[in-house]
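Encoded as structure tokens, the structure appears first; notes follow it.
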4 protein chains.
Amino acid sequence: MDAINIGVIGCGYWGPNLLRNFAENEAAQLRWICDLDEDRLASMSRRYPMAQTTSDYRLLVDDPAVDAVAVVTPVGTHFTIAKELLAGGKHVLLEKPLAATTAEAQELIDLAERNKLTLMVDHTFIYTGAVRKMKEIVSSGELGDLLYFDSVRINLGLFQSDINVLWDLAPHDLSIMDFLIDRQPQAISALGSSHIERGVENIAYLVMLFPDEFIAHFHFNWLAPVKIRRTMIAGSSKMILYDDIEPTEKVRVYDKGVTANRVGDREVDYQTLVSYRTGDVWAPKLDSTEALRYVVAEFLDSIREGRKPLTDGYAGLRVVRLLEAAQQSIKSGGSAVILADTAQVTPA
Amino acid sequence: MDAINIGVIGCGYWGPNLLRNFAENEAAQLRWICDLDEDRLASMSRRYPMAQTTSDYRLLVDDPAVDAVAVVTPVGTHFTIAKELLAGGKHVLLEKPLAATTAEAQELIDLAERNKLTLMVDHTFIYTGAVRKMKEIVSSGELGDLLYFDSVRINLGLFQSDINVLWDLAPHDLSIMDFLIDRQPQAISALGSSHIERGVENIAYLVMLFPDEFIAHFHFNWLAPVKIRRTMIAGSSKMILYDDIEPTEKVRVYDKGVTANRVGDREVDYQTLVSYRTGDVWAPKLDSTEALRYVVAEFLDSIREGRKPLTDGYAGLRVVRLLEAAQQSIKSGGSAVILADTAQVTPA
Amino acid sequence: MDAINIGVIGCGYWGPNLLRNFAENEAAQLRWICDLDEDRLASMSRRYPMAQTTSDYRLLVDDPAVDAVAVVTPVGTHFTIAKELLAGGKHVLLEKPLAATTAEAQELIDLAERNKLTLMVDHTFIYTGAVRKMKEIVSSGELGDLLYFDSVRINLGLFQSDINVLWDLAPHDLSIMDFLIDRQPQAISALGSSHIERGVENIAYLVMLFPDEFIAHFHFNWLAPVKIRRTMIAGSSKMILYDDIEPTEKVRVYDKGVTANRVGDREVDYQTLVSYRTGDVWAPKLDSTEALRYVVAEFLDSIREGRKPLTDGYAGLRVVRLLEAAQQSIKSGGSAVILADTAQVTPA
Amino acid sequence: MDAINIGVIGCGYWGPNLLRNFAENEAAQLRWICDLDEDRLASMSRRYPMAQTTSDYRLLVDDPAVDAVAVVTPVGTHFTIAKELLAGGKHVLLEKPLAATTAEAQELIDLAERNKLTLMVDHTFIYTGAVRKMKEIVSSGELGDLLYFDSVRINLGLFQSDINVLWDLAPHDLSIMDFLIDRQPQAISALGSSHIERGVENIAYLVMLFPDEFIAHFHFNWLAPVKIRRTMIAGSSKMILYDDIEPTEKVRVYDKGVTANRVGDREVDYQTLVSYRTGDVWAPKLDSTEALRYVVAEFLDSIREGRKPLTDGYAGLRVVRLLEAAQQSIKSGGSAVILADTAQVTPA
């Protein structure tokens with residue numbers, strides 16, 4: 001079985017990690033490394049002498065020997081580059097978020113489908129042992145009725161020159177929620193504040209409303225005194241606490257819940273009807289394999305098998321849709337943005 | 001100097017703590033204990049045999065020997081009881097929140113002023129060593145420009161039959177913010193969800209917008225897997241983390257900040273202009289005296305000295321105003337509620 | 001069924017807790033409260049008006065209406081008081097440690113057996129939900145072969161005027177180990193240091209050697225910057241971490257172990273033979289009932305049923321024997337003290 | 001100024017880190033990389049093409065172009081290799097522990113002095129921001145009289161084929177203590193247990209006695225359910241807690257202490273004389289530069305300046321002496337080993 005010939009565009013913070021994982025996967029053959037910075041190219045070239053280097057990504061589009069390309073560039077450039085690659089017959093793995101607008105995301109999906117090419121988004125967290133274990137737990141139904149999703153991702157973070165805290169951090173948690181919770185929000189409200197650079201929010205709060213009283217909330221912050229990455233997923237029977245800072249016990253399942261037992265139709269004292277339950281706490285063993293190894297394997301497998309990857313274009317589109325709506329809500333001062341019918345965000 | 005004769009109405013969860021602190025304060029003399037439950041009254045009577053007991057609070061109103069009364073009853077009854085007490089010439093200490101509406105709160109303030117009586121609200125947290133230390137730090141200006149206030153108060157809490165999580169938990173954090181941050185919000189948005197009892201929110205998120213990009217956010221939750229009580233107060237120079245679960249180091253001051261240095265008016269690459277600073281962390285020693293001891297002392301002192309207590313009627317009114325606006329926003333599905341001119345919420 | 005008539009001698013730090021639990025147990029009737037301090041007696045009398053008070057414990061010995069007495073006095077007085085009580089036909093519950101020497105402990109055991117009376121020691125921790133749950137786990141055998149017991153109990157503690165840190169803190173952990181681990185040490189070595197008062201150790205380290213490479217170690221410290229109460233019990237298959245500071249998840253069971261697999265008799269590289277296993281972590285729900293409630297119930301039940309209590313005289317004797325040996329080792333500069341045959345420390 | 005020509009012997013776990021730091025230091029020029037494993041050599045060669053590779057370290061001894069060599073091999077080989085290097089006129093940096101016996105360590109020191117060569121031991125922790133900050137604090141005297149040093153370094157660690165847990169983990173903490181505490185122990189007692197491999201201890205406890213009631217204790221463990229690396233250094237005025245697992249606040253200074261105030265010579269109640277003090281807690285900002293960068297710089301600087309390095313042969317000798325004595329105590333079942341006059345463990 002021939003190796004899939006790979007190009008990687010962008011060698012900034014994240015690109016070298018993808019390069020390393022492609023280099024270590026036997027099903028892939030690194031062909032091209034592309035970056036605008038000559039020093040980075042030289043450094044990558046020393047490490048991966050089998051690959052050619054260039055500052056012009058069009059060489060990858062035009063090289064018939066290239067099968068697939070990973071694009072690890074600023075989000076503003078995703079659409080243009082990916083469009084050319086797909087038009088040129090290359091499978092594409094895009095760094096998160098997939099694109100800068102839902103219109104762009106939709107166009108990339110359509111183009112990939114027309115050309116029968118794999119379009120995948122690098123929602124890395126979906127491939128971690130923690131998130132996959134939570135998927136197992138949520139899918140088993142043992143949490144009972146899902147009540148809420150609450151996520152905090154804050155630290156004293158590096159300011160980005162081109163995007164705000166929402167576009168920087170939210171793709172992680174929005175993709176995790178999208179993966180774990182099998183439902184789409186009806187409306188989103190968001191507020192933010194720009195303390196450092198006018199118009200570039202460094203703190204943002206999002207709330208999403210769903211049918212049936214399910215609610216999701218997110219706190220993103222580049223200016224916090226401490227680093228917190230913690231998500232609660234509560235059900236009527238059990239609750240999950242996912243603390244990504246913990247070195248090993250990242251996921252804890254609390255056998256806790258509250259039930260309202262209604263007796264007849266008489267008005268009775270409420271406190272006697274609500275029953276609390278607290279039981280064991282369980283921290284399942286997690287696969288600690290580097291998530292990016294699975295990202296790369298899924299990309300290569302989906303190409304070879306001609307199937308949709310786990311984080312396909314629609315997964316990317318759904319996250320971009322939420323980012324877009326949240327951004328719109330922030331700019332309007334927090335007004336709720338109603339999300340349209342979900343038909344468009346899942347494969348037909 | 002004669003002791004101040006005290007009555008206490010309500011011996012449920014919190015009342016016995018007030019009773020104990022009045023009993024231990026030499027400037028007070030317990031005269032009456034009032035509750036609707038005969039067993040509780042009997043139990044309190046054994047502990048405080050010097051006090052008379054009754055299930056009819058009007059006996060306290062009518063007893064000329066009573067100087068001051070603490071009202072520790074459900075919020076729905078505060079206005080009626082306090083109004084009669086103030087009309088009867090008694091100084092009044094009301095459990096938080098002061099009243100069920102701003103109109104009620106204002107009427108109590110007016111009545112107390114007309115009758116030259118002390119009206120105080122038991123915002124207990126204001127009297128803790130942690131909050132008083134933070135007040136010192138914030139007042140010193142060493143935090144720099146204040147950026148945000150973020151508070152989380154969640155646990156697997158007891159359902160209240162009469163109020164939602166907002167009216168139960170928010171008075172704590174709203175009173176702390178009101179005390180520490182010398183500014184009033186312009187607008188408030190809130191969303192909540194009722195998982196157990198229709199119309200009784202068990203989870204609520206509040207955001208308040210202030211002039212100058214300062215932002216405040218609150219998360220209240222009765223259905224969380226873990227207990228968290230944590231507040232961040234960030235300034236441009238330093239940041240405070242207040243963790244009330246910590247047994248001793250509840251307050252930490254982080255010498256951390258980010259500064260945007262603008263050079264000329266040219267557009268330059270942003271990352272070179274933002275300078276990060278991280279320095280020492282400092283956990284000041286805190287006074288661990290029971291806060292309620294100070295509450296009781298402040299009530300008695302303000303009566304004796306004929307002065308406003310630290311947490312006067314206006315402090316209570318400001319918190320009720322925020323609760324009322326937050327409740328209104330929740331019921332409207334999260335729409336921003338504009339807060340009127342602040343003239344009315346501070347003494348003339 | 002008649003209530004058992006109870007006297008309590010000693011109302012210092014711990015005595016009032018026992019008084020409260022006897023008062024709340026319907027099978028007991030408080031008859032006498034004894035203390036040398038008149039103020040304490042007056043205070044206890046107000047709380048428990050059904051009991052007589054005295055500063056002379058001999059009144060309890062002589063009162064034929066008294067069935068059983070709890071002795072909560074300094075350890076130096078245990079023997080004299082308990083001996084008179086047992087001689088007078090009273091069942092006796094002694095605060096830990098049972099006595100100041102093994103000889104005293106043995107004499108009390110013998111006297112109780114001769115007079116067919118209950119002799120019980122208040123090893124409170126044995127009755128906590130955490131220790132009872134650990135007993136279940138250890139007894140089930142799921143830990144595999146037991147490897148070691150390691151306990152740390154340190155804080156900035158109050159200096160005792162009469163005893164050192166060993167006699168103050170070690171009874172807790174020694175009684176826990178004795179209860180959980182079904183074996184007796186062969187030798188004990190201990191070292192300590194006296195920083196504050198010459199000859200009164202404020203820090204002590206103990207090691208006990210057992211057959212079969214099992215080892216137990218203890219660290220006691222009155223002069224530590226932080227409070228730690230943590231025990232590890234390791235087996236070849238699983239390990240327990242017991243952290244008594246944790247508010248709820250005090251006991252964690254780690255599905256971790258290391259196995260040495262020997263293949264043939266050839267010398268092979270060692271690292272290929274040792275297999276590590278790490279699995280889930282589990283924090284069982286614990287009974288959070290106050291342990292002293294069970295202590296009191298066990299005392300009363302064992303009297304009524306004419307059976308040995310869970311923490312009988314021999315349990316007390318075994319702890320005293322270890323304290324005595326540890327003290328001897330400390331005074332000798334750490335020399336190992338060989339512990340004699342265990343026949344004498346368990347019932348015939 | 002010419003670069004110092006460097007060889008590195010041993011490319012297992014730690015060697016590559018030294019290689020990387022030499023490669024990044026402009027004062028050094030990598031000349032030789034030596035290892036017995038051809039694959040490792042090939043991999044290192046690709047990364048550092050400027051260096052020659054060999055499996056025979058004698059080529060380095062014989063190459064007149066080599067100035068200095070880092071030896072990162074199992075401790076059993078240190079003496080033979082280092083002796084040849086020093087005899088051949090090379091400066092030597094040895095991985096910890098310096099040698100397998102004090103006799104070997106002394107001979108290396110003597111040889112280096114005779115040949116006027118730098119002999120340095122890689123006690124890496126001494127060069128961390130945390131330990132250097134603690135040195136500052138201890139040296140300032142602000143802790144008051146030093147009372148004890150207590151260190152715990154445990155985890156589920158990899159078994160070593162050639163050494164026990166003592167020789168694997170203790171060099172870290174013994175070198176830290178030696179660096180921070182300006183005094184030498186008089187005696188050492190140690191006990192251990194071998195659960196996996198007969199004669200290879202996987203758990204060890206050490207106690208060292210000093211003049212003046214100062215005491216030091218160490219707990220090393222390869223079979224623990226959790227990872228702990230924590231040291232307490234207590235003084236009469238302040239105490240340090242050093243937690244190396246903490247990502248940022250590794251060092252905390254507690255303004256806590258206990259003082260015994262003696263009044264006259266009368267026997268008075270002890271509790272009135274001991275005064276406790278608890279104040280602020282302070283976590284100083286630490287230099288987070290990789291320690292090995294400083295190790296390499298110190299080695300190069302001391303060569304260039306012809307001076308003793310911070311962690312010279314005597315520092316290595318003192319640690320080996322403690323390891324040797326501890327091992328001897330373990331083998332004797334815990335008997336105290338008296339440490340001879342300290343004259344021999346510091347430079348004349």
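In the structure tokens, the first chain shown is A, the next is B, and so on; residue numbers restart at 1 for each chain, and ligands run from 1 in the order shown.
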query = Within 12 Å of A:Ala105, counting only C-alpha atoms, which residues qualify if same-chain residues fewer than 4 places away don't, as a VMD selection string?
reply = chain A and resid 75 to 76 78 to 80 82 to 83 94 96 to 101 109 to 112 119 to 121 312 to 321 324 344 to 345
Per residue of chain B within 12 Å of chain C, note the shortest atom pair and the distance in Å to one decimal, counting only C-alpha atoms, and order the rows by chain and increasing residue number, as CSV.
```
residue,atom,partner,partner_atom,distance
B:Ser43,CA,C:Arg47,CA,11.0
B:Met44,CA,C:Arg47,CA,11.6
B:Ser45,CA,C:Arg47,CA,11.6
B:Arg46,CA,C:Arg47,CA,8.1
B:Arg47,CA,C:Arg47,CA,7.4
B:Tyr48,CA,C:Arg46,CA,10.1
B:Pro49,CA,C:Arg46,CA,10.0
B:Pro225,CA,C:Thr248,CA,11.6
B:Val226,CA,C:Thr248,CA,9.8
B:Lys227,CA,C:Pro247,CA,10.1
B:Ile245,CA,C:Pro247,CA,10.0
B:Glu246,CA,C:Pro247,CA,11.0
B:Pro247,CA,C:Ile245,CA,10.0
B:Thr248,CA,C:Val226,CA,9.8
B:Glu249,CA,C:Val226,CA,10.8
```
Polymer residues at most 7 Å from A:Thr73, only C-alpha atoms, same-chain spacing of 3 or more positions, as a VMD selection string = chain A and resid 9 to 10 77 to 78
Per-residue nearest contacts of stretch 45-151 of chain B to stretch 214-223 of chain B (6 Å; only C-alpha atoms) as a tab-separated table:
```
residue	atom	partner	partner_atom	distance
B:Leu147	CA	B:Phe214	CA	4.9
B:Tyr148	CA	B:Ile215	CA	4.8
B:Phe149	CA	B:Ala216	CA	4.6
B:Asp150	CA	B:His217	CA	4.8
B:Ser151	CA	B:Phe218	CA	4.8
```
message = Which residues are close to stretch 208-212 of chain C, i.e. within 6 Å by only C-alpha atoms, leaving aside same-chain residues fewer than 4 positions away? Reply as a count of residues only.
response = 5
ask   = Counting only C-alpha atoms, what is within 7 Å of stretch 287-298 of chain B, bar same-chain residues fewer than 5 positions away, as a PyMOL selection string?
value = chain B and resi 21-22+122+124-125+127-129+309
Would you mind exporting C-alpha atoms of the selected residues as a PDB file, in the first residue's frame?
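See result.pdb below for the written result:
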```pdb
ATOM      1  CA  ASN B  21     -23.793  36.152  68.747  1.00  0.00           C
ATOM      2  CA  PHE B  22     -26.223  38.498  70.472  1.00  0.00           C
ATOM      3  CA  ASP B 122     -27.041  41.267  57.268  1.00  0.00           C
ATOM      4  CA  THR B 124     -22.514  38.703  56.346  1.00  0.00           C
ATOM      5  CA  PHE B 125     -19.664  38.275  53.884  1.00  0.00           C
ATOM      6  CA  TYR B 127     -17.700  41.330  57.647  1.00  0.00           C
ATOM      7  CA  THR B 128     -15.372  38.403  56.906  1.00  0.00           C
ATOM      8  CA  GLY B 129     -11.624  38.826  57.195  1.00  0.00           C
ATOM      9  CA  PRO B 309     -24.129  50.978  59.698  1.00  0.00           C
TER      10      PRO B 309
END
```
inquiry  = Please compute the atom CA of C:Leu322-atom CA of C:Tyr205 distance, one decimal, in Å.
reply    = 12.9 Å
ask   = When DSSP works through the backbone of this structure, what residues of stretch 19-252 of chain D end up as strand (DSSP E), shown as a count of residues only?
value = 75
request  = Using backbone DSSP assignments, extract all alpha helix (DSSP H) residues from stretch 24-249 of chain A; output them as number ranges by chain.
outcome  = A: 24, 38-47, 58-62, 78-87, 102-114, 129-140, 165-180
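Of note, atom CA of D:Ile81 and atom CA of D:Ala170 are spaced 22.9 Å apart.
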